[in-house]
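Single-structure report; data block below.
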Amino acid sequence: MQQSVLSSIARFLFLALPFCFYLLMGVVGRLGPDPSKVLMEELGEWAMIFLILTLLVTPLSRLASMPVWVRFRRPLGLAAFFYAVLHVLSYYGFILGFSLAEFITEIASRPYIYPGMLALVLLTLLAGTSTRSAQRALGRSWKRLHRSVYLIALLVLLHYLWQLRSLSVESVAYTLTVSFLLLLRVFWWVRVKHRSANPV
Amino acid sequence: MRLIRKNPWSDGREQVTPESVYLARRKFMTRGAVLGGVLALSSLLPSIGAAATSGHRRILQQKLRRYNSSSQSPSFTVPDELTPFRDASGYNNFYEFGLGKADPARFSQAFKTDPWSIEVSGAANKTGVFHLEDILAFHDIEERIYRLRCVEAWSMVIPWLGFPLADFIKRFEPASDAQYVVFETLYDPEQMLGQKDAFSSIKWPYVEGLRIDEAMNPLSFLSVGMYGKVLPNQNGAPIRLVVPWKYGFKSIKSIVRVHFQREQPVTTWQRAAPHEYGFYANVNPDVDHPRWSQKTERRLPASLFSKNRIPTQLFNGYAEHVAHLYQGLDLSKFY
C-alpha cells in the first residue's frame, strides 16, 4: 500500500516536472523578455506531448508485449488534461491579463481556438470519468466515450498547426507522429472487422 | 561610388571560404608535404581572415567611433524607455536562422557579413553591384530611436544607427515608373540554417517592398548599427531596413538586392499567408490579425507579473509623419 502511494507521488512529480521547470524559470526571469508567451506555448506543447505519449501506450504494450505500460496511460492522459488547463489559464492570465470579457471575445472570434477548445471540453469529460468507479458505472459506454481521445488528438493537431507562422521539421514530425498513431488504430480496426467477417 | 561588374556573391568570397582552404591544403598534401608544411599553411589562415575584414567593417567602425565621440543627439527620438541591448539582441525573428526567438542569436554568430555588396537593379539610371564600404563612405551616420512593433503583438524601443533610405535611393536616380522598391535578403543555406528546413512555408529569399513614396519618407531608415555598436548578425547585419510605422517583418534584414519596378511586388509573408499579412502591414490597432487582437502590445522586456501591456497606436504612433501616404486608402482592406 505504502509503495503504491510512493509510486503515485513519484509519478505525479515526474509528470509535473515540465510545469515546475517553466514556472520556476518564469518566476526567476529566465524565460526571456516575453515570458508570458513562452509559458503559454510551452504548456500547450507539453499538453500535446503528453497526449501523444498517451496514444503511444497501447501500441507499445501490444507490439512489445509489455502490458506494464498500460499503468501509465491514465496518469499520462490526466497530465495532458492538466497541461491543457494550465495552457488556457496562462493565456487568460498572462496574455490577456485576467480580463474575462476579453477572454470571451477572443475565444469566440478566433477560429484557430475552436478545435483547441473542443479538445479541452472532451478532455475534461475523459478526465472526469477516469476513476475506477466511473469506469464501473459507465460500463460499456465508458470505452466508447474514451475513444474520443482519437478525435481529441486530431483537434489538438489542427489547433497546433493553425497557430504556426511557418511549418518546420518539428511541426511535420508532430503531424506524422499523430497520423501514425491514429492510422495504427484504423489498421487494427480494419483487421478485427476483416477477421470477424471471415472467421477462420 | 565604385561600380563592380562581378557577381556580388562570388566577389571576394573565394578568399575566405573554408572550401578553398580545404582545396589548397589538399593540393599541398598531394605534393608530398609533411607536417611542417601543414603548419605553415595554417599560419597563413589568420592573415587571410584579416584581409577579409578590411572591407566595410573598418570604415563602419571608424564612422561609429566618430559618431559616438561627437556627442550628437539622435535625429529622431521617442519619449519611451529604451529596451535593454540584451533583449533587443537576444529576442529576434529572423527565420533564416531558425524559428525560435533565441535561434538567431545562437545560429548567426559565424555569419559572414564582410565582404558585402548590394545589387541595385531595375528602373533606375544607375544600377550595378556596389560594395558596402563604398555605400557607407557616402553617408553620414545618424541615430534614430524608434519603436519596433512586431506583428505578434510585442514591441521594443531601439536606438538605430544608419542613414535615411531616401538618401540611399536618390543616388541611383530611380526612373519615373519606379513606383515600388523591392528588397531581398541574402540566400545562403550554407550559412543560414533556417533556409535548409525542407518543410518551411517560407519561400526564400525573403522579399519585402515599399511604395516609392513610403521609401522616400524621412522616417524610412537603413540601419548598420544599434546601441552605438555595429549591428549584431541576429539583428540583420550588415545592413537592414527600419520602417517604424509598419510591423517588424517589413524591416527586412541582411539586404543584398534593391530593385525598382512599376508593379507592386508580392512579399514573402503575403505569399505565405495572404489573409494574415498584407503588402502594407501598417501598424493598426483596429485591424486584427485573424488569430489575435492588435489593440494592445506587450512592451518588452515584460515579466510574468508585470506584463507591460500598452495600447497600440495607429501607425505605431507615427501618424503625423505618415498618415498622408494613405489618404483615401481603406486600411482594413489594404492591411
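A note on labels: chains of the C-alpha cells are A, B, ... as shown, every chain counts residues from 1, and ligands are counted from 1 in their shown order.
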
Each residue of chain A lying at most 8 Å from chain B should get a row with its shortest atom-to-atom pair and the distance in Å to one decimal, counting only C-alpha atoms; could you produce that, ordered by chain and increasing number, as a tab-separated table?
```
residue	atom	partner	partner_atom	distance
A:Gly26	CA	B:Leu304	CA	6.5
A:Val27	CA	B:Leu304	CA	6.9
A:Gly29	CA	B:Ser303	CA	6.7
A:Gly32	CA	B:Tyr91	CA	7.5
A:Pro33	CA	B:Pro301	CA	4.2
A:Asp34	CA	B:Ala302	CA	5.6
A:Pro35	CA	B:Ser303	CA	6.0
A:Ser36	CA	B:Leu304	CA	5.7
A:Phe94	CA	B:Leu304	CA	6.5
A:Ile95	CA	B:Lys307	CA	7.9
A:Gly97	CA	B:Lys307	CA	7.8
A:Glu106	CA	B:Trp292	CA	7.5
A:Arg110	CA	B:Arg291	CA	5.5
A:Pro111	CA	B:Arg291	CA	7.6
A:Tyr112	CA	B:Arg291	CA	6.8
A:Gln163	CA	B:Arg291	CA	7.5
A:Ser166	CA	B:Ser201	CA	5.0
A:Leu167	CA	B:Ser200	CA	4.9
A:Ser168	CA	B:Phe199	CA	4.9
A:Val169	CA	B:Phe199	CA	5.9
A:Val172	CA	B:Phe199	CA	7.3
```

| message | Would you pick out the contacts of region 176-193 of chain A at 8 Å or less, using only C-alpha atoms, so that residues sharing its chain but fewer than 5 positions from it are not included, and give the list as a PyMOL selection string? | response | chain A and resi 52+55-56+150+153-154+157

| message | One number please: CA of Ser69 (chain B) to CA of Asp140 (chain B), in Å, one decimal. | response | 14.0 Å

| task | Within region 246-328 of chain B, find each residue whose DSSP state, derived from the backbone, is helix (DSSP H, G or I), and express the selection as number ranges by chain. | result | B: 248-250, 268-272, 314-317, 319-326

Could you write out that same residue set with N, CA and C atoms as a PDB file, in the first residue's frame?
```
ATOM      1  N   GLY B 248       7.094  44.712 -37.806  1.00  0.00           N
ATOM      2  CA  GLY B 248       8.526  44.416 -37.889  1.00  0.00           C
ATOM      3  C   GLY B 248       8.963  43.638 -39.120  1.00  0.00           C
ATOM      4  N   PHE B 249       8.093  42.743 -39.622  1.00  0.00           N
ATOM      5  CA  PHE B 249       8.548  41.909 -40.740  1.00  0.00           C
ATOM      6  C   PHE B 249       8.814  42.700 -42.015  1.00  0.00           C
ATOM      7  N   LYS B 250       8.305  43.965 -42.079  1.00  0.00           N
ATOM      8  CA  LYS B 250       8.605  44.803 -43.251  1.00  0.00           C
ATOM      9  C   LYS B 250      10.063  45.259 -43.239  1.00  0.00           C
ATOM     10  N   THR B 268       7.223  38.233 -49.031  1.00  0.00           N
ATOM     11  CA  THR B 268       7.343  36.871 -48.505  1.00  0.00           C
ATOM     12  C   THR B 268       6.161  36.441 -47.645  1.00  0.00           C
ATOM     13  N   TRP B 269       5.756  37.281 -46.682  1.00  0.00           N
ATOM     14  CA  TRP B 269       4.670  36.879 -45.786  1.00  0.00           C
ATOM     15  C   TRP B 269       3.318  36.921 -46.482  1.00  0.00           C
ATOM     16  N   GLN B 270       3.196  37.815 -47.459  1.00  0.00           N
ATOM     17  CA  GLN B 270       1.976  37.885 -48.255  1.00  0.00           C
ATOM     18  C   GLN B 270       1.788  36.579 -49.019  1.00  0.00           C
ATOM     19  N   ARG B 271       2.887  36.070 -49.564  1.00  0.00           N
ATOM     20  CA  ARG B 271       2.840  34.827 -50.309  1.00  0.00           C
ATOM     21  C   ARG B 271       2.529  33.644 -49.373  1.00  0.00           C
ATOM     22  N   ALA B 272       3.135  33.659 -48.190  1.00  0.00           N
ATOM     23  CA  ALA B 272       2.978  32.535 -47.267  1.00  0.00           C
ATOM     24  C   ALA B 272       1.557  32.474 -46.690  1.00  0.00           C
ATOM     25  N   LEU B 314      -2.170  53.868 -33.847  1.00  0.00           N
ATOM     26  CA  LEU B 314      -2.244  53.834 -35.301  1.00  0.00           C
ATOM     27  C   LEU B 314      -0.887  54.269 -35.873  1.00  0.00           C
ATOM     28  N   PHE B 315      -0.398  53.538 -36.873  1.00  0.00           N
ATOM     29  CA  PHE B 315       0.922  53.771 -37.466  1.00  0.00           C
ATOM     30  C   PHE B 315       2.025  53.782 -36.400  1.00  0.00           C
ATOM     31  N   ASN B 316       1.817  53.007 -35.355  1.00  0.00           N
ATOM     32  CA  ASN B 316       2.792  52.865 -34.271  1.00  0.00           C
ATOM     33  C   ASN B 316       3.142  54.216 -33.631  1.00  0.00           C
ATOM     34  N   GLY B 317       2.202  55.163 -33.710  1.00  0.00           N
ATOM     35  CA  GLY B 317       2.437  56.481 -33.111  1.00  0.00           C
ATOM     36  C   GLY B 317       3.117  57.465 -34.052  1.00  0.00           C
ATOM     37  N   ALA B 319       1.720  58.653 -36.893  1.00  0.00           N
ATOM     38  CA  ALA B 319       0.688  59.096 -37.827  1.00  0.00           C
ATOM     39  C   ALA B 319       0.991  60.476 -38.425  1.00  0.00           C
ATOM     40  N   GLU B 320       1.486  61.395 -37.602  1.00  0.00           N
ATOM     41  CA  GLU B 320       1.720  62.749 -38.134  1.00  0.00           C
ATOM     42  C   GLU B 320       2.756  62.758 -39.254  1.00  0.00           C
ATOM     43  N   HIS B 321       3.605  61.726 -39.316  1.00  0.00           N
ATOM     44  CA  HIS B 321       4.635  61.672 -40.346  1.00  0.00           C
ATOM     45  C   HIS B 321       4.215  60.864 -41.567  1.00  0.00           C
ATOM     46  N   VAL B 322       3.270  59.948 -41.391  1.00  0.00           N
ATOM     47  CA  VAL B 322       2.984  59.018 -42.495  1.00  0.00           C
ATOM     48  C   VAL B 322       1.509  58.907 -42.890  1.00  0.00           C
ATOM     49  N   ALA B 323       0.595  59.429 -42.075  1.00  0.00           N
ATOM     50  CA  ALA B 323      -0.835  59.231 -42.363  1.00  0.00           C
ATOM     51  C   ALA B 323      -1.200  59.742 -43.755  1.00  0.00           C
ATOM     52  N   HIS B 324      -0.550  60.827 -44.210  1.00  0.00           N
ATOM     53  CA  HIS B 324      -0.894  61.403 -45.519  1.00  0.00           C
ATOM     54  C   HIS B 324      -0.628  60.428 -46.672  1.00  0.00           C
ATOM     55  N   LEU B 325       0.253  59.464 -46.445  1.00  0.00           N
ATOM     56  CA  LEU B 325       0.572  58.498 -47.504  1.00  0.00           C
ATOM     57  C   LEU B 325      -0.618  57.602 -47.834  1.00  0.00           C
ATOM     58  N   TYR B 326      -1.560  57.507 -46.883  1.00  0.00           N
ATOM     59  CA  TYR B 326      -2.632  56.515 -47.033  1.00  0.00           C
ATOM     60  C   TYR B 326      -4.007  57.163 -47.103  1.00  0.00           C
TER      61      TYR B 326
END
```

| field | Selection: 9 Å around Val181 (chain B), only C-alpha atoms, excl. self and same-chain fewer than 5 positions, as a PyMOL selection string | value | chain B and resi 208-212+215+258-262+264-265

Just the selected residues (N, CA, C and O atoms), exported as an mmCIF file, in the first residue's frame, please.
```
data_model
loop_
_atom_site.group_PDB
_atom_site.id
_atom_site.type_symbol
_atom_site.label_atom_id
_atom_site.label_comp_id
_atom_site.auth_asym_id
_atom_site.auth_seq_id
_atom_site.Cartn_x
_atom_site.Cartn_y
_atom_site.Cartn_z
ATOM 1 N N GLU B 208 10.871 41.836 -49.440
ATOM 2 C CA GLU B 208 9.993 42.874 -48.922
ATOM 3 C C GLU B 208 9.933 44.025 -49.911
ATOM 4 O O GLU B 208 10.730 44.085 -50.852
ATOM 5 N N GLY B 209 8.989 44.924 -49.727
ATOM 6 C CA GLY B 209 8.870 46.029 -50.655
ATOM 7 C C GLY B 209 8.150 47.214 -50.048
ATOM 8 O O GLY B 209 7.421 47.074 -49.059
ATOM 9 N N LEU B 210 8.401 48.379 -50.632
ATOM 10 C CA LEU B 210 7.728 49.606 -50.208
ATOM 11 C C LEU B 210 7.269 50.334 -51.456
ATOM 12 O O LEU B 210 7.890 50.213 -52.526
ATOM 13 N N ARG B 211 6.182 51.093 -51.322
ATOM 14 C CA ARG B 211 5.819 52.027 -52.373
ATOM 15 C C ARG B 211 6.912 53.097 -52.357
ATOM 16 O O ARG B 211 7.454 53.409 -51.298
ATOM 17 N N ILE B 212 7.217 53.680 -53.524
ATOM 18 C CA ILE B 212 8.356 54.605 -53.579
ATOM 19 C C ILE B 212 8.161 55.798 -52.624
ATOM 20 O O ILE B 212 9.114 56.251 -51.991
ATOM 21 N N ALA B 215 9.084 54.682 -49.265
ATOM 22 C CA ALA B 215 10.543 54.540 -49.161
ATOM 23 C C ALA B 215 11.210 55.896 -49.017
ATOM 24 O O ALA B 215 12.215 56.035 -48.319
ATOM 25 N N VAL B 258 18.392 45.457 -54.181
ATOM 26 C CA VAL B 258 17.389 46.522 -54.195
ATOM 27 C C VAL B 258 16.956 46.673 -55.648
ATOM 28 O O VAL B 258 17.794 46.829 -56.546
ATOM 29 N N HIS B 259 15.639 46.568 -55.882
ATOM 30 C CA HIS B 259 15.148 46.563 -57.251
ATOM 31 C C HIS B 259 14.001 47.567 -57.389
ATOM 32 O O HIS B 259 13.092 47.597 -56.563
ATOM 33 N N PHE B 260 14.057 48.387 -58.441
ATOM 34 C CA PHE B 260 12.998 49.369 -58.687
ATOM 35 C C PHE B 260 12.074 48.830 -59.770
ATOM 36 O O PHE B 260 12.539 48.353 -60.802
ATOM 37 N N GLN B 261 10.763 48.910 -59.527
ATOM 38 C CA GLN B 261 9.831 48.401 -60.540
ATOM 39 C C GLN B 261 8.484 49.117 -60.508
ATOM 40 O O GLN B 261 8.165 49.830 -59.560
ATOM 41 N N ARG B 262 7.706 48.904 -61.561
ATOM 42 C CA ARG B 262 6.419 49.577 -61.688
ATOM 43 C C ARG B 262 5.326 48.843 -60.913
ATOM 44 O O ARG B 262 4.429 49.465 -60.349
ATOM 45 N N GLN B 264 3.466 46.354 -58.047
ATOM 46 C CA GLN B 264 3.578 46.035 -56.624
ATOM 47 C C GLN B 264 4.095 44.603 -56.471
ATOM 48 O O GLN B 264 3.536 43.686 -57.054
ATOM 49 N N PRO B 265 5.172 44.421 -55.716
ATOM 50 C CA PRO B 265 5.713 43.064 -55.566
ATOM 51 C C PRO B 265 4.861 42.220 -54.613
ATOM 52 O O PRO B 265 4.107 42.757 -53.804
#
```

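For Ala119 (chain A), the set of protein, DNA and RNA residues having any atom at most 10 Å away, when counting only C-alpha atoms and skipping those fewer than 6 positions along the same chain, is Phe81, Ala84, Ile113, Leu125, Ser148, Val149, Leu151, Ile152, Ala153, Leu154, Leu155, Val156, Leu157 and His159 of chain A.
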
Would you write out those residues with all heavy atoms, as a compact mmCIF listing (two decimals), in the first residue's frame?
```txt
# COMPACT_ATOMS: atom_id res chain seq x y z
N PHE A 81 -4.49 16.52 -19.82
CA PHE A 81 -5.61 17.37 -19.43
C PHE A 81 -5.13 18.56 -18.58
O PHE A 81 -5.48 19.70 -18.84
CB PHE A 81 -6.65 16.54 -18.67
CG PHE A 81 -7.66 17.35 -17.92
CD1 PHE A 81 -8.62 18.09 -18.59
CD2 PHE A 81 -7.64 17.39 -16.52
CE1 PHE A 81 -9.56 18.85 -17.90
CE2 PHE A 81 -8.56 18.15 -15.83
CZ PHE A 81 -9.52 18.88 -16.51
N ALA A 84 -3.26 21.10 -20.56
CA ALA A 84 -4.16 21.87 -21.42
C ALA A 84 -4.87 22.95 -20.60
O ALA A 84 -5.01 24.10 -21.05
CB ALA A 84 -5.18 20.94 -22.07
N ILE A 113 -8.86 28.84 -32.35
CA ILE A 113 -9.03 28.38 -30.97
C ILE A 113 -10.12 27.30 -30.87
O ILE A 113 -10.06 26.45 -29.99
CB ILE A 113 -9.34 29.59 -30.04
CG1 ILE A 113 -8.12 30.51 -29.96
CG2 ILE A 113 -9.72 29.14 -28.63
CD1 ILE A 113 -8.27 31.70 -29.02
N LEU A 125 -14.23 15.82 -20.03
CA LEU A 125 -15.14 14.67 -19.87
C LEU A 125 -14.35 13.40 -19.55
O LEU A 125 -14.70 12.64 -18.66
CB LEU A 125 -15.94 14.46 -21.15
CG LEU A 125 -17.15 15.37 -21.38
CD1 LEU A 125 -17.78 15.04 -22.73
CD2 LEU A 125 -18.15 15.17 -20.25
N SER A 148 -12.99 8.87 -27.79
CA SER A 148 -12.93 10.23 -28.34
C SER A 148 -11.53 10.82 -28.21
O SER A 148 -11.25 11.89 -28.74
CB SER A 148 -13.96 11.13 -27.66
OG SER A 148 -13.63 11.28 -26.29
N VAL A 149 -10.62 10.12 -27.53
CA VAL A 149 -9.23 10.59 -27.46
C VAL A 149 -8.63 10.70 -28.86
O VAL A 149 -7.78 11.56 -29.12
CB VAL A 149 -8.37 9.68 -26.54
CG1 VAL A 149 -8.13 8.32 -27.18
CG2 VAL A 149 -7.07 10.37 -26.19
N LEU A 151 -10.29 11.62 -31.57
CA LEU A 151 -10.80 12.90 -32.10
C LEU A 151 -10.03 14.05 -31.44
O LEU A 151 -9.65 15.02 -32.12
CB LEU A 151 -12.31 13.00 -31.81
CG LEU A 151 -12.97 14.34 -32.17
CD1 LEU A 151 -12.87 14.59 -33.67
CD2 LEU A 151 -14.43 14.36 -31.74
N ILE A 152 -9.80 13.93 -30.13
CA ILE A 152 -9.05 14.97 -29.41
C ILE A 152 -7.68 15.18 -30.04
O ILE A 152 -7.24 16.31 -30.26
CB ILE A 152 -8.91 14.59 -27.91
CG1 ILE A 152 -10.29 14.61 -27.24
CG2 ILE A 152 -7.95 15.54 -27.20
CD1 ILE A 152 -10.29 14.07 -25.82
N ALA A 153 -7.01 14.06 -30.38
CA ALA A 153 -5.68 14.15 -30.97
C ALA A 153 -5.72 14.94 -32.29
O ALA A 153 -4.88 15.79 -32.55
CB ALA A 153 -5.10 12.76 -31.21
N LEU A 154 -6.76 14.66 -33.10
CA LEU A 154 -6.90 15.38 -34.37
C LEU A 154 -7.14 16.87 -34.14
O LEU A 154 -6.56 17.72 -34.80
CB LEU A 154 -8.06 14.79 -35.18
CG LEU A 154 -7.74 13.59 -36.06
CD1 LEU A 154 -9.00 13.13 -36.79
CD2 LEU A 154 -6.65 13.95 -37.07
N LEU A 155 -8.01 17.18 -33.16
CA LEU A 155 -8.35 18.58 -32.87
C LEU A 155 -7.12 19.33 -32.36
O LEU A 155 -6.86 20.46 -32.75
CB LEU A 155 -9.47 18.64 -31.82
CG LEU A 155 -10.84 18.16 -32.28
CD1 LEU A 155 -11.78 17.99 -31.09
CD2 LEU A 155 -11.44 19.12 -33.30
N VAL A 156 -6.35 18.68 -31.49
CA VAL A 156 -5.15 19.31 -30.94
C VAL A 156 -4.14 19.58 -32.04
O VAL A 156 -3.54 20.66 -32.11
CB VAL A 156 -4.55 18.44 -29.81
CG1 VAL A 156 -3.15 18.88 -29.47
CG2 VAL A 156 -5.44 18.49 -28.57
N LEU A 157 -3.97 18.59 -32.92
CA LEU A 157 -3.03 18.76 -34.03
C LEU A 157 -3.46 19.93 -34.91
O LEU A 157 -2.63 20.76 -35.32
CB LEU A 157 -2.94 17.47 -34.84
CG LEU A 157 -1.92 17.48 -35.99
CD1 LEU A 157 -0.50 17.50 -35.44
CD2 LEU A 157 -2.11 16.28 -36.90
N HIS A 159 -5.30 22.54 -34.06
CA HIS A 159 -5.10 23.77 -33.30
C HIS A 159 -3.62 24.17 -33.33
O HIS A 159 -3.26 25.33 -33.53
CB HIS A 159 -5.58 23.55 -31.86
CG HIS A 159 -5.31 24.67 -30.91
ND1 HIS A 159 -5.83 25.93 -31.06
CD2 HIS A 159 -4.55 24.72 -29.78
CE1 HIS A 159 -5.43 26.71 -30.06
NE2 HIS A 159 -4.63 26.00 -29.27
```

| field | Who sits within 12 Å of Ser254 (chain B), only C-alpha atoms, same chain under 6 positions skipped, as JSON, numbers by chain | value | {"B": [94, 96, 97, 108, 111, 112, 113, 114, 116, 117, 118, 132, 183, 184, 185, 186, 187, 188, 192, 205, 206, 207, 208, 222, 223, 224, 231, 232, 233, 234, 235, 236, 237, 238, 239, 240, 241, 242]}

Go ahead and save the residues from that selection, with N, CA, C and O atoms, as a compact mmCIF listing (two decimals), in the first residue's frame.
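Writing the result to out_30.txt gives the following:
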```txt
# COMPACT_ATOMS: atom_id res chain seq x y z
N PHE B 94 14.13 36.11 -37.09
CA PHE B 94 14.99 36.14 -38.28
C PHE B 94 15.01 34.68 -38.73
O PHE B 94 15.91 33.92 -38.40
N GLU B 96 15.64 33.05 -41.19
CA GLU B 96 16.80 32.49 -41.88
C GLU B 96 17.69 31.72 -40.90
O GLU B 96 18.45 30.84 -41.29
N PHE B 97 17.61 32.09 -39.62
CA PHE B 97 18.46 31.44 -38.61
C PHE B 97 17.64 30.61 -37.62
O PHE B 97 18.10 30.33 -36.52
N SER B 108 23.65 32.66 -35.70
CA SER B 108 24.15 33.62 -36.70
C SER B 108 25.56 34.08 -36.38
O SER B 108 26.09 34.97 -37.06
N PHE B 111 28.04 33.89 -39.15
CA PHE B 111 27.57 34.50 -40.41
C PHE B 111 28.57 35.55 -40.90
O PHE B 111 28.97 36.44 -40.15
N LYS B 112 28.98 35.42 -42.18
CA LYS B 112 29.98 36.35 -42.73
C LYS B 112 29.29 37.55 -43.37
O LYS B 112 28.56 37.40 -44.33
N THR B 113 29.55 38.72 -42.81
CA THR B 113 28.90 39.92 -43.34
C THR B 113 29.90 40.84 -44.03
O THR B 113 29.55 41.95 -44.43
N ASP B 114 31.12 40.39 -44.16
CA ASP B 114 32.16 41.21 -44.77
C ASP B 114 33.09 40.28 -45.54
O ASP B 114 33.66 39.38 -44.92
N TRP B 116 30.65 42.49 -48.32
CA TRP B 116 29.22 42.53 -48.61
C TRP B 116 28.97 43.51 -49.74
O TRP B 116 29.60 44.56 -49.79
N SER B 117 28.08 43.14 -50.64
CA SER B 117 27.71 44.11 -51.67
C SER B 117 26.22 44.02 -51.93
O SER B 117 25.58 43.03 -51.59
N ILE B 118 25.70 45.08 -52.51
CA ILE B 118 24.27 45.16 -52.79
C ILE B 118 24.10 45.36 -54.29
O ILE B 118 24.74 46.23 -54.89
N LEU B 132 29.59 47.47 -50.03
CA LEU B 132 29.00 48.19 -48.90
C LEU B 132 29.91 49.31 -48.41
O LEU B 132 29.43 50.37 -48.01
N PHE B 183 13.17 44.72 -51.88
CA PHE B 183 14.41 44.38 -51.18
C PHE B 183 14.50 42.86 -51.04
O PHE B 183 13.48 42.19 -50.89
N GLU B 184 15.71 42.35 -51.07
CA GLU B 184 15.91 40.91 -50.88
C GLU B 184 16.99 40.65 -49.84
O GLU B 184 18.03 41.31 -49.84
N THR B 185 16.75 39.64 -49.01
CA THR B 185 17.75 39.18 -48.04
C THR B 185 18.65 38.16 -48.72
O THR B 185 18.24 37.51 -49.68
N LEU B 186 19.86 38.01 -48.22
CA LEU B 186 20.79 37.01 -48.73
C LEU B 186 20.15 35.62 -48.72
O LEU B 186 19.44 35.26 -47.78
N TYR B 187 20.38 34.84 -49.78
CA TYR B 187 20.01 33.44 -49.78
C TYR B 187 21.30 32.64 -49.75
O TYR B 187 22.07 32.66 -50.71
N ASP B 188 21.57 31.98 -48.64
CA ASP B 188 22.80 31.21 -48.50
C ASP B 188 22.57 30.12 -47.45
O ASP B 188 22.94 30.26 -46.29
N MET B 192 22.84 30.04 -43.51
CA MET B 192 21.56 30.33 -42.87
C MET B 192 20.78 29.02 -42.73
O MET B 192 20.13 28.57 -43.67
N PRO B 205 14.60 33.58 -51.49
CA PRO B 205 14.99 34.52 -50.45
C PRO B 205 13.82 35.36 -49.94
O PRO B 205 12.83 35.52 -50.64
N TYR B 206 13.99 35.90 -48.74
CA TYR B 206 12.99 36.78 -48.14
C TYR B 206 12.89 38.05 -48.99
O TYR B 206 13.90 38.65 -49.35
N VAL B 207 11.66 38.43 -49.33
CA VAL B 207 11.44 39.61 -50.17
C VAL B 207 10.52 40.58 -49.44
O VAL B 207 9.51 40.18 -48.85
N GLU B 208 10.87 41.84 -49.44
CA GLU B 208 9.99 42.87 -48.92
C GLU B 208 9.93 44.02 -49.91
O GLU B 208 10.73 44.08 -50.85
N LEU B 222 17.91 53.10 -43.22
CA LEU B 222 18.75 51.91 -43.40
C LEU B 222 19.70 51.86 -42.22
O LEU B 222 20.43 52.82 -41.96
N SER B 223 19.67 50.75 -41.50
CA SER B 223 20.47 50.68 -40.28
C SER B 223 21.69 49.78 -40.47
O SER B 223 21.61 48.71 -41.06
N VAL B 224 22.82 50.25 -39.93
CA VAL B 224 24.07 49.46 -39.94
C VAL B 224 24.59 49.26 -38.52
O VAL B 224 25.63 48.63 -38.32
N LEU B 231 25.81 46.61 -36.04
CA LEU B 231 24.60 45.78 -35.96
C LEU B 231 24.98 44.32 -35.69
O LEU B 231 25.79 43.74 -36.42
N PRO B 232 24.41 43.70 -34.64
CA PRO B 232 24.69 42.26 -34.43
C PRO B 232 24.11 41.45 -35.59
O PRO B 232 23.12 41.85 -36.20
N ASN B 233 24.74 40.31 -35.87
CA ASN B 233 24.28 39.48 -37.00
C ASN B 233 22.80 39.15 -36.89
O ASN B 233 22.07 39.17 -37.87
N GLN B 234 22.35 38.84 -35.65
CA GLN B 234 20.96 38.41 -35.47
C GLN B 234 19.96 39.55 -35.69
O GLN B 234 18.77 39.32 -35.81
N ASN B 235 20.45 40.78 -35.73
CA ASN B 235 19.56 41.92 -35.97
C ASN B 235 19.58 42.37 -37.44
O ASN B 235 19.02 43.40 -37.77
N GLY B 236 20.26 41.59 -38.29
CA GLY B 236 20.21 41.89 -39.72
C GLY B 236 21.45 42.50 -40.31
O GLY B 236 21.39 43.23 -41.30
N ALA B 237 22.60 42.21 -39.70
CA ALA B 237 23.87 42.73 -40.21
C ALA B 237 24.10 42.24 -41.63
O ALA B 237 23.63 41.17 -42.00
N PRO B 238 24.81 43.00 -42.46
CA PRO B 238 25.43 44.27 -42.11
C PRO B 238 24.53 45.48 -42.36
O PRO B 238 24.84 46.57 -41.91
N ILE B 239 23.42 45.28 -43.07
CA ILE B 239 22.55 46.42 -43.37
C ILE B 239 21.11 45.97 -43.47
O ILE B 239 20.81 44.94 -44.09
N ARG B 240 20.21 46.70 -42.80
CA ARG B 240 18.80 46.33 -42.77
C ARG B 240 17.93 47.56 -42.87
O ARG B 240 18.38 48.70 -42.65
N LEU B 241 16.68 47.30 -43.22
CA LEU B 241 15.71 48.37 -43.31
C LEU B 241 15.04 48.58 -41.95
O LEU B 241 14.91 47.63 -41.17
N VAL B 242 14.63 49.83 -41.65
CA VAL B 242 13.80 50.08 -40.48
C VAL B 242 12.66 51.02 -40.89
O VAL B 242 12.90 52.17 -41.26
```

| task | Write out as a VMD selection string all residues of region 145-279 of chain B that DSSP puts in strand (DSSP E or B) for this structure's backbone. | result | chain B and resid 145 to 149 154 to 164 174 180 to 185 207 to 211 221 to 226 229 to 230 240 to 242 246 255 to 261
